[in-house]
file coords-v5.cif (mmCIF, N, CA and C atoms and all ligand atoms)
data_data
loop_
_atom_site.label_atom_id
_atom_site.label_comp_id
_atom_site.auth_asym_id
_atom_site.auth_seq_id
_atom_site.Cartn_x
_atom_site.Cartn_y
_atom_site.Cartn_z
N MET A 357 22.21 12.59 -17.79
CA MET A 357 23.31 12.49 -16.85
C MET A 357 22.80 12.87 -15.46
N ARG A 358 23.15 12.04 -14.49
CA ARG A 358 22.61 12.19 -13.15
C ARG A 358 23.00 13.52 -12.50
N LEU A 359 24.21 14.00 -12.75
CA LEU A 359 24.69 15.27 -12.17
C LEU A 359 23.76 16.42 -12.54
N TRP A 360 23.45 16.56 -13.82
CA TRP A 360 22.61 17.67 -14.27
C TRP A 360 21.17 17.49 -13.84
N ARG A 361 20.69 16.23 -13.83
CA ARG A 361 19.32 15.99 -13.38
C ARG A 361 19.19 16.42 -11.92
N TYR A 362 20.14 16.03 -11.08
CA TYR A 362 20.10 16.42 -9.67
C TYR A 362 20.25 17.94 -9.52
N PHE A 363 21.12 18.55 -10.31
CA PHE A 363 21.33 19.98 -10.23
C PHE A 363 20.05 20.75 -10.56
N PHE A 364 19.39 20.36 -11.65
CA PHE A 364 18.18 21.08 -12.04
C PHE A 364 17.04 20.84 -11.06
N ARG A 365 16.99 19.66 -10.47
CA ARG A 365 15.99 19.42 -9.43
C ARG A 365 16.30 20.27 -8.20
N ALA A 366 17.57 20.43 -7.87
CA ALA A 366 17.97 21.22 -6.70
C ALA A 366 17.62 22.68 -6.89
N ILE A 367 17.87 23.24 -8.05
CA ILE A 367 17.57 24.66 -8.22
C ILE A 367 16.07 24.91 -8.34
N ARG A 368 15.30 23.86 -8.55
CA ARG A 368 13.83 23.98 -8.49
C ARG A 368 13.32 23.66 -7.09
N LEU A 369 14.24 23.39 -6.15
CA LEU A 369 13.94 23.05 -4.76
C LEU A 369 13.07 21.80 -4.67
N ARG A 370 13.42 20.80 -5.47
CA ARG A 370 12.69 19.53 -5.49
C ARG A 370 13.59 18.40 -5.02
N CYS A 371 12.98 17.32 -4.65
CA CYS A 371 13.71 16.13 -4.20
C CYS A 371 14.65 15.66 -5.31
N PRO A 372 15.92 15.42 -4.98
CA PRO A 372 16.85 14.98 -6.02
C PRO A 372 16.56 13.56 -6.52
N GLN A 373 15.93 12.76 -5.68
CA GLN A 373 15.67 11.36 -6.03
C GLN A 373 14.55 11.24 -7.08
N CYS A 374 13.41 11.88 -6.82
CA CYS A 374 12.25 11.70 -7.71
C CYS A 374 11.92 12.96 -8.50
N GLY A 375 12.32 14.12 -8.01
CA GLY A 375 12.04 15.37 -8.70
C GLY A 375 10.63 15.90 -8.51
N LYS A 376 9.82 15.21 -7.72
CA LYS A 376 8.43 15.62 -7.52
C LYS A 376 8.21 16.34 -6.20
N GLY A 377 8.75 15.78 -5.13
CA GLY A 377 8.49 16.31 -3.79
C GLY A 377 9.22 17.62 -3.54
N ARG A 378 8.50 18.53 -2.89
CA ARG A 378 9.12 19.80 -2.50
C ARG A 378 10.02 19.57 -1.29
N ILE A 379 11.08 20.35 -1.18
CA ILE A 379 11.98 20.23 -0.04
C ILE A 379 11.53 21.16 1.09
N PHE A 380 11.02 22.34 0.72
CA PHE A 380 10.64 23.33 1.72
C PHE A 380 9.13 23.45 1.84
N ARG A 381 8.68 23.46 3.10
CA ARG A 381 7.26 23.66 3.41
C ARG A 381 6.94 25.15 3.36
N THR A 382 7.80 25.97 3.99
CA THR A 382 7.70 27.43 4.00
C THR A 382 9.08 27.96 3.61
N PRO A 383 9.26 29.26 3.47
CA PRO A 383 10.57 29.75 3.05
C PRO A 383 11.75 29.27 3.92
N PHE A 384 11.54 29.03 5.20
CA PHE A 384 12.66 28.61 6.04
C PHE A 384 12.39 27.32 6.80
N SER A 385 11.34 26.59 6.46
CA SER A 385 11.10 25.32 7.13
C SER A 385 11.00 24.20 6.10
N MET A 386 11.63 23.08 6.42
CA MET A 386 11.74 21.99 5.46
C MET A 386 10.83 20.82 5.84
N PHE A 387 10.50 20.01 4.85
CA PHE A 387 9.92 18.71 5.12
C PHE A 387 11.06 17.80 5.58
N SER A 388 10.76 16.85 6.43
CA SER A 388 11.81 15.92 6.87
C SER A 388 12.10 14.85 5.81
N HIS A 389 11.06 14.48 5.06
CA HIS A 389 11.18 13.47 4.02
C HIS A 389 10.49 13.95 2.75
N CYS A 390 10.84 13.35 1.64
CA CYS A 390 10.10 13.60 0.41
C CYS A 390 8.73 12.96 0.55
N VAL A 391 7.68 13.68 0.18
CA VAL A 391 6.33 13.14 0.33
C VAL A 391 6.03 12.08 -0.74
N TYR A 392 6.82 12.00 -1.77
CA TYR A 392 6.58 11.01 -2.83
C TYR A 392 7.43 9.77 -2.67
N CYS A 393 8.72 9.92 -2.50
CA CYS A 393 9.60 8.74 -2.44
C CYS A 393 10.16 8.50 -1.04
N GLU A 394 9.83 9.38 -0.09
CA GLU A 394 10.26 9.26 1.30
C GLU A 394 11.78 9.31 1.49
N LEU A 395 12.45 9.95 0.59
CA LEU A 395 13.87 10.19 0.78
C LEU A 395 14.04 11.10 2.00
N LYS A 396 14.87 10.68 2.93
CA LYS A 396 15.11 11.47 4.13
C LYS A 396 16.06 12.61 3.77
N TYR A 397 15.62 13.86 4.00
CA TYR A 397 16.43 15.00 3.59
C TYR A 397 17.61 15.24 4.53
N ALA A 398 17.38 15.18 5.83
CA ALA A 398 18.48 15.37 6.80
C ALA A 398 18.87 14.00 7.32
N ARG A 399 19.96 13.48 6.85
CA ARG A 399 20.33 12.11 7.19
C ARG A 399 20.80 11.96 8.63
N GLU A 400 21.39 13.01 9.17
CA GLU A 400 21.92 12.91 10.54
C GLU A 400 21.97 14.29 11.16
N GLU A 401 22.26 14.33 12.45
CA GLU A 401 22.37 15.59 13.18
C GLU A 401 23.51 16.42 12.57
N GLY A 402 23.25 17.69 12.34
CA GLY A 402 24.27 18.56 11.77
C GLY A 402 24.50 18.36 10.28
N TYR A 403 23.58 17.68 9.66
CA TYR A 403 23.73 17.32 8.24
C TYR A 403 23.91 18.55 7.35
N PHE A 404 23.17 19.62 7.65
CA PHE A 404 23.18 20.78 6.76
C PHE A 404 24.36 21.72 6.98
N LEU A 405 25.28 21.33 7.81
CA LEU A 405 26.51 22.11 7.95
C LEU A 405 27.20 22.23 6.59
N GLY A 406 27.11 21.19 5.80
CA GLY A 406 27.72 21.20 4.47
C GLY A 406 27.12 22.23 3.55
N SER A 407 25.85 22.55 3.76
CA SER A 407 25.22 23.54 2.88
C SER A 407 25.81 24.93 3.09
N ILE A 408 26.41 25.14 4.26
CA ILE A 408 27.05 26.43 4.53
C ILE A 408 28.22 26.64 3.56
N TYR A 409 28.88 25.55 3.18
CA TYR A 409 29.98 25.68 2.22
C TYR A 409 29.48 26.24 0.89
N PHE A 410 28.33 25.76 0.46
CA PHE A 410 27.76 26.28 -0.78
C PHE A 410 27.40 27.76 -0.62
N ASN A 411 26.73 28.07 0.48
CA ASN A 411 26.25 29.43 0.69
C ASN A 411 27.42 30.40 0.88
N TYR A 412 28.30 30.10 1.80
CA TYR A 412 29.44 30.98 2.05
C TYR A 412 30.35 31.04 0.82
N GLY A 413 30.58 29.89 0.22
CA GLY A 413 31.49 29.83 -0.92
C GLY A 413 31.02 30.70 -2.08
N LEU A 414 29.74 30.61 -2.40
CA LEU A 414 29.24 31.42 -3.51
C LEU A 414 29.23 32.90 -3.16
N THR A 415 28.84 33.23 -1.92
CA THR A 415 28.85 34.63 -1.49
C THR A 415 30.27 35.20 -1.57
N ALA A 416 31.23 34.48 -1.04
CA ALA A 416 32.63 34.94 -1.06
C ALA A 416 33.15 35.04 -2.49
N LEU A 417 32.80 34.11 -3.32
CA LEU A 417 33.26 34.15 -4.71
C LEU A 417 32.71 35.37 -5.45
N ILE A 418 31.43 35.64 -5.27
CA ILE A 418 30.82 36.80 -5.94
C ILE A 418 31.46 38.10 -5.46
N VAL A 419 31.67 38.21 -4.14
CA VAL A 419 32.27 39.44 -3.59
C VAL A 419 33.73 39.56 -4.02
N THR A 420 34.45 38.45 -4.00
CA THR A 420 35.87 38.47 -4.37
C THR A 420 36.06 38.90 -5.82
N ILE A 421 35.17 38.50 -6.68
CA ILE A 421 35.27 38.89 -8.08
C ILE A 421 34.60 40.25 -8.31
N GLY A 422 33.43 40.45 -7.70
CA GLY A 422 32.62 41.63 -7.97
C GLY A 422 33.22 42.92 -7.44
N TYR A 423 33.74 42.91 -6.22
CA TYR A 423 34.25 44.15 -5.62
C TYR A 423 35.39 44.76 -6.44
N PRO A 424 36.47 44.03 -6.71
CA PRO A 424 37.54 44.64 -7.53
C PRO A 424 37.09 45.00 -8.93
N LEU A 425 36.19 44.22 -9.47
CA LEU A 425 35.68 44.51 -10.80
C LEU A 425 34.94 45.86 -10.81
N LEU A 426 34.09 46.08 -9.82
CA LEU A 426 33.32 47.33 -9.76
C LEU A 426 34.20 48.53 -9.44
N VAL A 427 35.19 48.34 -8.57
CA VAL A 427 36.03 49.47 -8.15
C VAL A 427 37.10 49.80 -9.19
N PHE A 428 37.80 48.77 -9.69
CA PHE A 428 38.97 49.02 -10.55
C PHE A 428 38.66 49.01 -12.05
N VAL A 429 37.69 48.23 -12.46
CA VAL A 429 37.37 48.18 -13.89
C VAL A 429 36.30 49.21 -14.24
N PHE A 430 35.21 49.18 -13.48
CA PHE A 430 34.12 50.12 -13.77
C PHE A 430 34.28 51.45 -13.04
N GLU A 431 35.27 51.54 -12.15
CA GLU A 431 35.63 52.75 -11.43
C GLU A 431 34.46 53.42 -10.72
N LEU A 432 33.65 52.60 -10.06
CA LEU A 432 32.57 53.13 -9.23
C LEU A 432 33.16 53.61 -7.91
N PRO A 433 32.52 54.57 -7.23
CA PRO A 433 33.05 55.07 -5.96
C PRO A 433 33.19 53.95 -4.92
N GLY A 434 34.35 53.89 -4.28
CA GLY A 434 34.67 52.81 -3.34
C GLY A 434 33.69 52.68 -2.18
N GLN A 435 33.26 53.83 -1.62
CA GLN A 435 32.33 53.80 -0.49
C GLN A 435 30.99 53.19 -0.87
N ILE A 436 30.50 53.52 -2.04
CA ILE A 436 29.22 52.98 -2.50
C ILE A 436 29.34 51.47 -2.73
N VAL A 437 30.42 51.07 -3.35
CA VAL A 437 30.63 49.64 -3.61
C VAL A 437 30.80 48.89 -2.29
N LEU A 438 31.51 49.50 -1.34
CA LEU A 438 31.72 48.86 -0.04
C LEU A 438 30.39 48.64 0.68
N TRP A 439 29.57 49.67 0.76
CA TRP A 439 28.28 49.54 1.45
C TRP A 439 27.34 48.60 0.70
N SER A 440 27.37 48.64 -0.60
CA SER A 440 26.55 47.73 -1.39
C SER A 440 26.99 46.29 -1.17
N THR A 441 28.28 46.09 -1.08
CA THR A 441 28.81 44.75 -0.85
C THR A 441 28.41 44.25 0.54
N MET A 442 28.44 45.14 1.52
CA MET A 442 28.04 44.73 2.87
C MET A 442 26.58 44.33 2.91
N VAL A 443 25.73 45.08 2.23
CA VAL A 443 24.30 44.71 2.17
C VAL A 443 24.14 43.39 1.42
N PHE A 444 24.88 43.24 0.35
CA PHE A 444 24.84 41.99 -0.42
C PHE A 444 25.22 40.79 0.45
N CYS A 445 26.25 40.97 1.28
CA CYS A 445 26.74 39.88 2.14
C CYS A 445 25.72 39.47 3.20
N VAL A 446 24.75 40.31 3.48
CA VAL A 446 23.70 39.95 4.43
C VAL A 446 22.49 39.37 3.70
N VAL A 447 22.10 40.01 2.61
CA VAL A 447 20.86 39.64 1.92
C VAL A 447 21.03 38.38 1.07
N PHE A 448 22.12 38.29 0.35
CA PHE A 448 22.29 37.16 -0.56
C PHE A 448 22.27 35.81 0.14
N PRO A 449 23.01 35.62 1.26
CA PRO A 449 22.96 34.31 1.93
C PRO A 449 21.58 33.95 2.46
N LEU A 450 20.80 34.95 2.87
CA LEU A 450 19.43 34.67 3.31
C LEU A 450 18.58 34.17 2.14
N TRP A 451 18.72 34.84 1.01
CA TRP A 451 17.97 34.42 -0.18
C TRP A 451 18.45 33.05 -0.68
N PHE A 452 19.75 32.82 -0.63
CA PHE A 452 20.33 31.59 -1.18
C PHE A 452 20.24 30.41 -0.22
N PHE A 453 19.81 30.63 1.01
CA PHE A 453 19.74 29.59 2.03
C PHE A 453 19.05 28.32 1.53
N ARG A 454 17.88 28.48 0.94
CA ARG A 454 17.12 27.31 0.48
C ARG A 454 17.83 26.59 -0.66
N TYR A 455 18.42 27.34 -1.55
CA TYR A 455 19.14 26.72 -2.67
C TYR A 455 20.40 26.01 -2.19
N ALA A 456 21.08 26.59 -1.19
CA ALA A 456 22.28 25.95 -0.66
C ALA A 456 21.93 24.61 -0.03
N ARG A 457 20.83 24.56 0.72
CA ARG A 457 20.42 23.29 1.33
C ARG A 457 19.99 22.30 0.26
N SER A 458 19.25 22.77 -0.71
CA SER A 458 18.80 21.90 -1.78
C SER A 458 19.98 21.35 -2.59
N LEU A 459 20.94 22.21 -2.87
CA LEU A 459 22.14 21.77 -3.59
C LEU A 459 22.95 20.78 -2.75
N TRP A 460 22.98 21.00 -1.45
CA TRP A 460 23.71 20.09 -0.58
C TRP A 460 23.05 18.70 -0.58
N ILE A 461 21.73 18.65 -0.50
CA ILE A 461 21.03 17.37 -0.53
C ILE A 461 21.31 16.66 -1.86
N ALA A 462 21.25 17.40 -2.94
CA ALA A 462 21.50 16.81 -4.27
C ALA A 462 22.95 16.33 -4.38
N PHE A 463 23.88 17.13 -3.87
CA PHE A 463 25.30 16.74 -3.91
C PHE A 463 25.52 15.47 -3.10
N ASP A 464 24.94 15.42 -1.93
CA ASP A 464 25.09 14.24 -1.08
C ASP A 464 24.45 13.02 -1.73
N GLN A 465 23.29 13.23 -2.31
CA GLN A 465 22.59 12.12 -2.99
C GLN A 465 23.40 11.64 -4.20
N LEU A 466 24.07 12.55 -4.85
CA LEU A 466 24.91 12.19 -6.00
C LEU A 466 26.12 11.37 -5.55
N CYS A 467 26.76 11.79 -4.46
CA CYS A 467 27.98 11.12 -3.99
C CYS A 467 27.70 9.86 -3.19
N ASP A 468 26.61 9.88 -2.44
CA ASP A 468 26.29 8.75 -1.56
C ASP A 468 24.79 8.48 -1.65
N PRO A 469 24.33 7.85 -2.73
CA PRO A 469 22.89 7.71 -2.95
C PRO A 469 22.19 6.87 -1.88
N GLU A 470 21.00 7.35 -1.52
CA GLU A 470 20.12 6.60 -0.63
C GLU A 470 18.93 6.21 -1.48
N GLU A 471 18.60 4.94 -1.50
CA GLU A 471 17.52 4.47 -2.35
C GLU A 471 16.16 4.91 -1.82
N ALA A 472 15.25 5.17 -2.74
CA ALA A 472 13.89 5.51 -2.37
C ALA A 472 13.23 4.26 -1.78
N GLN A 473 12.36 4.47 -0.79
CA GLN A 473 11.74 3.32 -0.12
C GLN A 473 10.45 2.90 -0.82
N ASP A 474 9.56 3.81 -1.05
CA ASP A 474 8.35 3.51 -1.79
C ASP A 474 7.74 4.81 -2.29
N VAL A 475 6.74 4.69 -3.12
CA VAL A 475 6.13 5.89 -3.71
C VAL A 475 4.75 6.09 -3.09
N ARG A 476 4.54 7.25 -2.53
CA ARG A 476 3.25 7.58 -1.93
C ARG A 476 2.75 8.88 -2.52
N PRO A 477 1.55 8.89 -3.06
CA PRO A 477 1.06 10.09 -3.73
C PRO A 477 0.62 11.20 -2.79
N GLN A 478 0.14 10.90 -1.57
CA GLN A 478 -0.37 11.96 -0.70
C GLN A 478 0.75 12.53 0.17
N GLU A 479 0.52 13.77 0.62
CA GLU A 479 1.52 14.45 1.43
C GLU A 479 1.55 13.88 2.84
N ARG A 480 2.70 13.93 3.43
CA ARG A 480 2.88 13.46 4.80
C ARG A 480 3.10 14.68 5.68
N HIS A 481 2.46 14.71 6.82
CA HIS A 481 2.58 15.88 7.69
C HIS A 481 3.34 15.59 8.94
ZN ZN B 501 11.34 12.24 -3.74
#
call {"tool": "encode", "arguments": {"input": "coords-v5.cif", "output": "structure tokens", "more": "lines below"}}
Ligand SMILES: [Zn+2]
result
Amino acid sequence: MRLWRYFFRAIRLRCPQCGKGRIFRTPFSMFSHCVYCELKYAREEGYFLGSIYFNYGLTALIVTIGYPLLVFVFELPGQIVLWSTMVFCVVFPLWFFRYARSLWIAFDQLCDPEEAQDVRPQERH
């Protein structure tokens, strides 16, 4: 099923089209195209604005569920949970940044597929 194939390629930070090309060159810098199938990762200006929905959405969901759970169910001290949550809200989105972009590319490719142009084995710089 294409949904799961794209999802698993996204969490491995690979091209959703071919599954071979890496999306990120360094932790915070991306390739513009897949080096194997030449799928263009950023289709237009502001394209990755959508990835913020994934990043913010997951961060907010975890905090919305986690904070009351830790305070009211596990009865941990409120101040400790509050400060831990604040640190989480800064660190988690930075860590999840690459996955949010990768998931966004896969989601977009799933909803509006762009065909691969050709297959090239060597990397493009
Ligand atoms: Zn590719």
call {"tool": "residues_near_ligand", "arguments": {"input": "coords-v5.cif", "ligand": "ligand ZN 501 (chain B)", "cutoff": "12 Å", "atoms": "only C-alpha atoms and all ligand atoms", "output": "PyMOL selection string"}}
result
chain A and resi 362+365-366+369-379+387-397+461-462+465+470-477+479
call {"tool": "select_by_dssp", "arguments": {"input": "coords-v5.cif", "residues": "stretch 409-476 of chain A", "states": "helix (DSSP H, G or I)", "output": "short mmCIF file (atom, residue, chain, number, x, y, z; two decimals) with N, CA and C atoms, in the frame of the given file"}}
result
data_model
loop_
_atom_site.label_atom_id
_atom_site.label_comp_id
_atom_site.auth_asym_id
_atom_site.auth_seq_id
_atom_site.Cartn_x
_atom_site.Cartn_y
_atom_site.Cartn_z
N TYR A 409 28.88 25.55 3.18
CA TYR A 409 29.98 25.68 2.22
C TYR A 409 29.48 26.24 0.89
N PHE A 410 28.33 25.76 0.46
CA PHE A 410 27.76 26.28 -0.78
C PHE A 410 27.40 27.76 -0.62
N ASN A 411 26.73 28.07 0.48
CA ASN A 411 26.25 29.43 0.69
C ASN A 411 27.42 30.40 0.88
N TYR A 412 28.30 30.10 1.80
CA TYR A 412 29.44 30.98 2.05
C TYR A 412 30.35 31.04 0.82
N GLY A 413 30.58 29.89 0.22
CA GLY A 413 31.49 29.83 -0.92
C GLY A 413 31.02 30.70 -2.08
N LEU A 414 29.74 30.61 -2.40
CA LEU A 414 29.24 31.42 -3.51
C LEU A 414 29.23 32.90 -3.16
N THR A 415 28.84 33.23 -1.92
CA THR A 415 28.85 34.63 -1.49
C THR A 415 30.27 35.20 -1.57
N ALA A 416 31.23 34.48 -1.04
CA ALA A 416 32.63 34.94 -1.06
C ALA A 416 33.15 35.04 -2.49
N LEU A 417 32.80 34.11 -3.32
CA LEU A 417 33.26 34.15 -4.71
C LEU A 417 32.71 35.37 -5.45
N ILE A 418 31.43 35.64 -5.27
CA ILE A 418 30.82 36.80 -5.94
C ILE A 418 31.46 38.10 -5.46
N VAL A 419 31.67 38.21 -4.14
CA VAL A 419 32.27 39.44 -3.59
C VAL A 419 33.73 39.56 -4.02
N THR A 420 34.45 38.45 -4.00
CA THR A 420 35.87 38.47 -4.37
C THR A 420 36.06 38.90 -5.82
N ILE A 421 35.17 38.50 -6.68
CA ILE A 421 35.27 38.89 -8.08
C ILE A 421 34.60 40.25 -8.31
N GLY A 422 33.43 40.45 -7.70
CA GLY A 422 32.62 41.63 -7.97
C GLY A 422 33.22 42.92 -7.44
N TYR A 423 33.74 42.91 -6.22
CA TYR A 423 34.25 44.15 -5.62
C TYR A 423 35.39 44.76 -6.44
N PRO A 424 36.47 44.03 -6.71
CA PRO A 424 37.54 44.64 -7.53
C PRO A 424 37.09 45.00 -8.93
N LEU A 425 36.19 44.22 -9.47
CA LEU A 425 35.68 44.51 -10.80
C LEU A 425 34.94 45.86 -10.81
N LEU A 426 34.09 46.08 -9.82
CA LEU A 426 33.32 47.33 -9.76
C LEU A 426 34.20 48.53 -9.44
N VAL A 427 35.19 48.34 -8.57
CA VAL A 427 36.03 49.47 -8.15
C VAL A 427 37.10 49.80 -9.19
N PHE A 428 37.80 48.77 -9.69
CA PHE A 428 38.97 49.02 -10.55
C PHE A 428 38.66 49.01 -12.05
N VAL A 429 37.69 48.23 -12.46
CA VAL A 429 37.37 48.18 -13.89
C VAL A 429 36.30 49.21 -14.24
N GLY A 434 34.35 53.89 -4.28
CA GLY A 434 34.67 52.81 -3.34
C GLY A 434 33.69 52.68 -2.18
N GLN A 435 33.26 53.83 -1.62
CA GLN A 435 32.33 53.80 -0.49
C GLN A 435 30.99 53.19 -0.87
N ILE A 436 30.50 53.52 -2.04
CA ILE A 436 29.22 52.98 -2.50
C ILE A 436 29.34 51.47 -2.73
N VAL A 437 30.42 51.07 -3.35
CA VAL A 437 30.63 49.64 -3.61
C VAL A 437 30.80 48.89 -2.29
N LEU A 438 31.51 49.50 -1.34
CA LEU A 438 31.72 48.86 -0.04
C LEU A 438 30.39 48.64 0.68
N TRP A 439 29.57 49.67 0.76
CA TRP A 439 28.28 49.54 1.45
C TRP A 439 27.34 48.60 0.70
N SER A 440 27.37 48.64 -0.60
CA SER A 440 26.55 47.73 -1.39
C SER A 440 26.99 46.29 -1.17
N THR A 441 28.28 46.09 -1.08
CA THR A 441 28.81 44.75 -0.85
C THR A 441 28.41 44.25 0.54
N MET A 442 28.44 45.14 1.52
CA MET A 442 28.04 44.73 2.87
C MET A 442 26.58 44.33 2.91
N VAL A 443 25.73 45.08 2.23
CA VAL A 443 24.30 44.71 2.17
C VAL A 443 24.14 43.39 1.42
N PHE A 444 24.88 43.24 0.35
CA PHE A 444 24.84 41.99 -0.42
C PHE A 444 25.22 40.79 0.45
N CYS A 445 26.25 40.97 1.28
CA CYS A 445 26.74 39.88 2.14
C CYS A 445 25.72 39.47 3.20
N VAL A 446 24.75 40.31 3.48
CA VAL A 446 23.70 39.95 4.43
C VAL A 446 22.49 39.37 3.70
N VAL A 447 22.10 40.01 2.61
CA VAL A 447 20.86 39.64 1.92
C VAL A 447 21.03 38.38 1.07
N PHE A 448 22.12 38.29 0.35
CA PHE A 448 22.29 37.16 -0.56
C PHE A 448 22.27 35.81 0.14
N PRO A 449 23.01 35.62 1.26
CA PRO A 449 22.96 34.31 1.93
C PRO A 449 21.58 33.95 2.46
N LEU A 450 20.80 34.95 2.87
CA LEU A 450 19.43 34.67 3.31
C LEU A 450 18.58 34.17 2.14
N TRP A 451 18.72 34.84 1.01
CA TRP A 451 17.97 34.42 -0.18
C TRP A 451 18.45 33.05 -0.68
N PHE A 452 19.75 32.82 -0.63
CA PHE A 452 20.33 31.59 -1.18
C PHE A 452 20.24 30.41 -0.22
N PHE A 453 19.81 30.63 1.01
CA PHE A 453 19.74 29.59 2.03
C PHE A 453 19.05 28.32 1.53
N ARG A 454 17.88 28.48 0.94
CA ARG A 454 17.12 27.31 0.48
C ARG A 454 17.83 26.59 -0.66
N TYR A 455 18.42 27.34 -1.55
CA TYR A 455 19.14 26.72 -2.67
C TYR A 455 20.40 26.01 -2.19
N ALA A 456 21.08 26.59 -1.19
CA ALA A 456 22.28 25.95 -0.66
C ALA A 456 21.93 24.61 -0.03
N ARG A 457 20.83 24.56 0.72
CA ARG A 457 20.42 23.29 1.33
C ARG A 457 19.99 22.30 0.26
N SER A 458 19.25 22.77 -0.71
CA SER A 458 18.80 21.90 -1.78
C SER A 458 19.98 21.35 -2.59
N LEU A 459 20.94 22.21 -2.87
CA LEU A 459 22.14 21.77 -3.59
C LEU A 459 22.95 20.78 -2.75
N TRP A 460 22.98 21.00 -1.45
CA TRP A 460 23.71 20.09 -0.58
C TRP A 460 23.05 18.70 -0.58
N ILE A 461 21.73 18.65 -0.50
CA ILE A 461 21.03 17.37 -0.53
C ILE A 461 21.31 16.66 -1.86
N ALA A 462 21.25 17.40 -2.94
CA ALA A 462 21.50 16.81 -4.27
C ALA A 462 22.95 16.33 -4.38
N PHE A 463 23.88 17.13 -3.87
CA PHE A 463 25.30 16.74 -3.91
C PHE A 463 25.52 15.47 -3.10
N ASP A 464 24.94 15.42 -1.93
CA ASP A 464 25.09 14.24 -1.08
C ASP A 464 24.45 13.02 -1.73
N GLN A 465 23.29 13.23 -2.31
CA GLN A 465 22.59 12.12 -2.99
C GLN A 465 23.40 11.64 -4.20
N LEU A 466 24.07 12.55 -4.85
CA LEU A 466 24.91 12.19 -6.00
C LEU A 466 26.12 11.37 -5.55
N CYS A 467 26.76 11.79 -4.46
CA CYS A 467 27.98 11.12 -3.99
C CYS A 467 27.70 9.86 -3.19
#
call {"tool": "residues_around", "arguments": {"input": "coords-v5.cif", "residues": "A:Phe448", "least_positions_apart": "2", "cutoff": "12 Å", "atoms": "only C-alpha atoms", "output": "list in words"}}
result
Asn411, Tyr412, Gly413, Leu414, Thr415, Ala416, Ile418, Val419, Ser440, Thr441, Met442, Val443, Phe444, Cys445, Val446, Leu450, Trp451, Phe452, Phe453, Arg454, Tyr455 and Ala456 of chain A
call {"tool": "closest_residue", "arguments": {"input": "coords-v5.cif", "among": "A:Ile421, A:Phe384, A:Val427, A:Ser407", "to": "A:Ser458", "atoms": "all atoms listed in the file"}}
result
A:Ser407
call {"tool": "atom_distance", "arguments": {"input": "coords-v5.cif", "atom1": "atom N of A:Leu438", "atom2": "atom N of A:Arg457"}}
result
27.2 Å
call {"tool": "atom_distance", "arguments": {"input": "coords-v5.cif", "atom1": "atom CA of A:Phe364", "atom2": "atom CA of A:Thr420"}}
result
26.0 Å
call {"tool": "atom_distance", "arguments": {"input": "coords-v5.cif", "atom1": "atom CA of A:Ser385", "atom2": "atom CA of A:Gly406"}}
result
17.3 Å
call {"tool": "select_by_dssp", "arguments": {"input": "coords-v5.cif", "residues": "chain A", "states": "strand (DSSP E or B)", "output": "PDB file with N, CA and C atoms, in the coordinates of the input"}}
result
ATOM      1  N   ARG A 370      13.420  20.800  -5.470  1.00  0.00           N
ATOM      2  CA  ARG A 370      12.690  19.530  -5.490  1.00  0.00           C
ATOM      3  C   ARG A 370      13.590  18.400  -5.020  1.00  0.00           C
ATOM      4  N   ARG A 378       8.500  18.530  -2.890  1.00  0.00           N
ATOM      5  CA  ARG A 378       9.120  19.800  -2.500  1.00  0.00           C
ATOM      6  C   ARG A 378      10.020  19.570  -1.290  1.00  0.00           C
ATOM      7  N   PHE A 380      11.020  22.340   0.720  1.00  0.00           N
ATOM      8  CA  PHE A 380      10.640  23.330   1.720  1.00  0.00           C
ATOM      9  C   PHE A 380       9.130  23.450   1.840  1.00  0.00           C
ATOM     10  N   ARG A 381       8.680  23.460   3.100  1.00  0.00           N
ATOM     11  CA  ARG A 381       7.260  23.660   3.410  1.00  0.00           C
ATOM     12  C   ARG A 381       6.940  25.150   3.360  1.00  0.00           C
ATOM     13  N   THR A 382       7.800  25.970   3.990  1.00  0.00           N
ATOM     14  CA  THR A 382       7.700  27.430   4.000  1.00  0.00           C
ATOM     15  C   THR A 382       9.080  27.960   3.610  1.00  0.00           C
ATOM     16  N   SER A 385      11.340  26.590   6.460  1.00  0.00           N
ATOM     17  CA  SER A 385      11.100  25.320   7.130  1.00  0.00           C
ATOM     18  C   SER A 385      11.000  24.200   6.100  1.00  0.00           C
ATOM     19  N   MET A 386      11.630  23.080   6.420  1.00  0.00           N
ATOM     20  CA  MET A 386      11.740  21.990   5.460  1.00  0.00           C
ATOM     21  C   MET A 386      10.830  20.820   5.840  1.00  0.00           C
ATOM     22  N   HIS A 389      11.060  14.480   5.060  1.00  0.00           N
ATOM     23  CA  HIS A 389      11.180  13.470   4.020  1.00  0.00           C
ATOM     24  C   HIS A 389      10.490  13.950   2.750  1.00  0.00           C
ATOM     25  N   LYS A 396      14.870  10.680   2.930  1.00  0.00           N
ATOM     26  CA  LYS A 396      15.110  11.470   4.130  1.00  0.00           C
ATOM     27  C   LYS A 396      16.060  12.610   3.770  1.00  0.00           C
TER      28      LYS A 396
END
call {"tool": "decode", "arguments": {"input": "coords-v5.cif", "residues": "stretch 378-382 of chain A", "atoms": "N, CA and C atoms", "output": "PDB file, in the first residue's frame"}}
result
ATOM      1  N   ARG A 378      18.632  10.165  -0.266  1.00  0.00           N
ATOM      2  CA  ARG A 378      18.495  10.836   1.026  1.00  0.00           C
ATOM      3  C   ARG A 378      17.860  12.205   0.815  1.00  0.00           C
ATOM      4  N   ILE A 379      17.112  12.682   1.797  1.00  0.00           N
ATOM      5  CA  ILE A 379      16.489  13.997   1.701  1.00  0.00           C
ATOM      6  C   ILE A 379      17.420  15.059   2.279  1.00  0.00           C
ATOM      7  N   PHE A 380      18.145  14.700   3.351  1.00  0.00           N
ATOM      8  CA  PHE A 380      19.001  15.672   4.027  1.00  0.00           C
ATOM      9  C   PHE A 380      20.467  15.402   3.760  1.00  0.00           C
ATOM     10  N   ARG A 381      21.175  16.495   3.434  1.00  0.00           N
ATOM     11  CA  ARG A 381      22.621  16.445   3.224  1.00  0.00           C
ATOM     12  C   ARG A 381      23.327  16.477   4.582  1.00  0.00           C
ATOM     13  N   THR A 382      22.894  17.396   5.459  1.00  0.00           N
ATOM     14  CA  THR A 382      23.394  17.532   6.830  1.00  0.00           C
ATOM     15  C   THR A 382      22.163  17.576   7.734  1.00  0.00           C
TER      16      THR A 382
END
